[in-house]
Amino acid sequence: MHTTFGYFDLIETFPKAGCAVCNLLQRDVTHLLDSILYEYSVDRSMQAGFRASRGLCNQHGWQFTKLGNALSAAVLYEAALDEVLTVMEASGPDERTRQGGWLGGLFGRVQPSALAEALMPKQPCAACAAQDAAEARYVTVIGEQIQDERIREAYRASEGLCLPHFRQTLAHAQDGDSAKLLLALQKDIWSRLRAELNEFMRKSDYQNAGEKMGAEGTSWQRVVARLAGEHGVFGLRRSGR
């Protein structure tokens with residue numbers, strides 16, 4: 001029985017260049033951020049979420065700025081900034097410590113480490129949370145259904161998964177046979193990539209400068225994506241932000 005939610009997305013995405021899971025996550029996050037900007041900027045629960053998360057993480061915050069609708073972005077980030085200022089003001093001086101100045105009052109009442117902790121996000125970036133959930137769903141579908149003919153053949157004809165998503169998928173393999181199949185498929189794909197890298201290096205040698213570069217010309221860039229993930233998928237969101 002197929003897992004409909006994610007199964008057909010993977011079938012459609014495997015033929016595209018790059019890691020199918022990375023590509024789907026980029027699509028899903030873009031749709032989410034666009035929806036937040038154009039549908040939920042004045043929603044009180046969304047504003048409360050931005051307050052708690054102190055806005056979006058570095059990666060998704062900058063992605064947010066590139067989607068247009070500056071006014072909606074300003075509304076949501078004003079709420080996040082207001083929360084940060086509220087926390088800071090709650091730790092400000094009172095009448096008993098005012099003569100010592102703001103910093104004297106602050107550190108006379110609250111340890112710097114306590115204030116630093118209070119300023120930390122109280123919940124994850126909304127886009128990171130959605131991305132993590134989608135990521136778990138996609139790798140589970142592949143791991144559990146790799147022996148399904150459509151998934152298997154789509155995977156075989158693709159550029160494979162990036163190393164981070166392959167590791168996750170392998171951990172979700174339904175059984176030993178599924179794990180062996182995943183390993184065989186991915187090894188074949190990466191072996192072909194290594195052959196392209198070797199051909200790129202050979203043609204890059206001055207002694208072979210007259211040979212025309214083919215598809216192997218981009219192999220040095222593709223191998224970065226295969227081992228690290230597609231550009232902008234992981235970024236700083238794994239750093240504890």
# chains A, B, ... in the order shown; residues from 1 in each chain; ligands from 1
$ residues_around --residues "Arg44 in chain A" --least-positions-apart "6" --cutoff "10 Å" --atoms "only C-alpha atoms" --output "list in words"
Phe50, Leu76 and Ala79 of chain A
$ write_last_selection --atoms "C-alpha atoms" --output "PDB file, in the first residue's frame"
ATOM      1  CA  PHE A  50       7.106  34.821  15.655  1.00  0.00           C
ATOM      2  CA  LEU A  76       5.598  39.880  11.752  1.00  0.00           C
ATOM      3  CA  ALA A  79       6.015  41.462  16.812  1.00  0.00           C
TER       4      ALA A  79
END
$ residues_around --residues "range 80-91 of chain A" --least-positions-apart "6" --cutoff "6 Å" --atoms "only C-alpha atoms" --output "VMD selection string"
chain A and resid 50 to 51 54 to 55 106
$ write_last_selection --atoms "N, CA and C atoms" --output "mmCIF file, in the first residue's frame"
data_model
loop_
_atom_site.group_PDB
_atom_site.id
_atom_site.type_symbol
_atom_site.label_atom_id
_atom_site.label_comp_id
_atom_site.auth_asym_id
_atom_site.auth_seq_id
_atom_site.Cartn_x
_atom_site.Cartn_y
_atom_site.Cartn_z
ATOM 1 N N PHE A 50 5.920 34.028 15.978
ATOM 2 C CA PHE A 50 7.106 34.821 15.655
ATOM 3 C C PHE A 50 7.718 35.414 16.915
ATOM 4 N N ARG A 51 6.865 35.798 17.856
ATOM 5 C CA ARG A 51 7.384 36.295 19.138
ATOM 6 C C ARG A 51 8.189 35.204 19.842
ATOM 7 N N ARG A 54 11.413 34.300 18.020
ATOM 8 C CA ARG A 54 12.266 35.468 17.725
ATOM 9 C C ARG A 54 12.443 35.620 16.219
ATOM 10 N N GLY A 55 11.365 35.427 15.491
ATOM 11 C CA GLY A 55 11.421 35.497 14.035
ATOM 12 C C GLY A 55 11.806 34.144 13.455
ATOM 13 N N LEU A 106 20.412 46.464 35.754
ATOM 14 C CA LEU A 106 20.203 45.186 35.077
ATOM 15 C C LEU A 106 20.964 44.063 35.761
#
$ closest_residue --among "A:Gln26, A:Ser158, A:Thr65, A:Gln207" --to "Leu185 in chain A" --atoms "only C-alpha atoms"
A:Ser158
$ closest_residue --among "A:Glu196, A:Glu216, A:Glu144, A:Asp132" --to "Cys22 in chain A" --atoms "only C-alpha atoms"
A:Asp132
$ select_by_dssp --residues "range 59-214 of chain A" --states "alpha helix (DSSP H)" --output "PyMOL selection string"
chain A and resi 59-65+70-90+101-109+112-118+126-145+149-156+163-171+176-204
$ residues_around --residues "Pro15 in chain A" --least-positions-apart "5" --cutoff "10 Å" --atoms "only C-alpha atoms" --output "mmCIF file with N, CA and C atoms, in the first residue's frame"
data_model
loop_
_atom_site.group_PDB
_atom_site.id
_atom_site.type_symbol
_atom_site.label_atom_id
_atom_site.label_comp_id
_atom_site.auth_asym_id
_atom_site.auth_seq_id
_atom_site.Cartn_x
_atom_site.Cartn_y
_atom_site.Cartn_z
ATOM 1 N N LEU A 10 7.509 12.351 -4.605
ATOM 2 C CA LEU A 10 8.830 11.781 -4.856
ATOM 3 C C LEU A 10 8.935 11.226 -6.271
ATOM 4 N N ALA A 20 16.185 14.514 -4.524
ATOM 5 C CA ALA A 20 14.730 14.696 -4.553
ATOM 6 C C ALA A 20 14.207 15.238 -3.232
ATOM 7 N N ALA A 154 12.349 5.026 -10.140
ATOM 8 C CA ALA A 154 12.546 6.477 -10.143
ATOM 9 C C ALA A 154 13.861 6.824 -9.460
ATOM 10 N N TYR A 155 14.135 6.152 -8.369
ATOM 11 C CA TYR A 155 15.398 6.353 -7.652
ATOM 12 C C TYR A 155 16.579 5.964 -8.546
ATOM 13 N N ARG A 156 16.481 4.809 -9.179
ATOM 14 C CA ARG A 156 17.570 4.296 -10.021
ATOM 15 C C ARG A 156 17.938 5.298 -11.126
ATOM 16 N N ALA A 157 16.931 5.956 -11.698
ATOM 17 C CA ALA A 157 17.165 6.869 -12.813
ATOM 18 C C ALA A 157 17.532 8.281 -12.358
ATOM 19 N N SER A 158 17.548 8.515 -11.046
ATOM 20 C CA SER A 158 17.806 9.853 -10.524
ATOM 21 C C SER A 158 19.285 10.075 -10.246
ATOM 22 N N GLU A 159 19.601 11.253 -9.710
ATOM 23 C CA GLU A 159 20.962 11.546 -9.278
ATOM 24 C C GLU A 159 21.186 11.084 -7.839
ATOM 25 N N GLY A 160 20.227 10.348 -7.302
ATOM 26 C CA GLY A 160 20.350 9.844 -5.942
ATOM 27 C C GLY A 160 20.033 10.897 -4.906
#
$ closest_residue --among "A:Ser53, A:Asn208, A:Gln131, A:Thr30" --to "Phe234 in chain A" --atoms "only C-alpha atoms"
A:Gln131
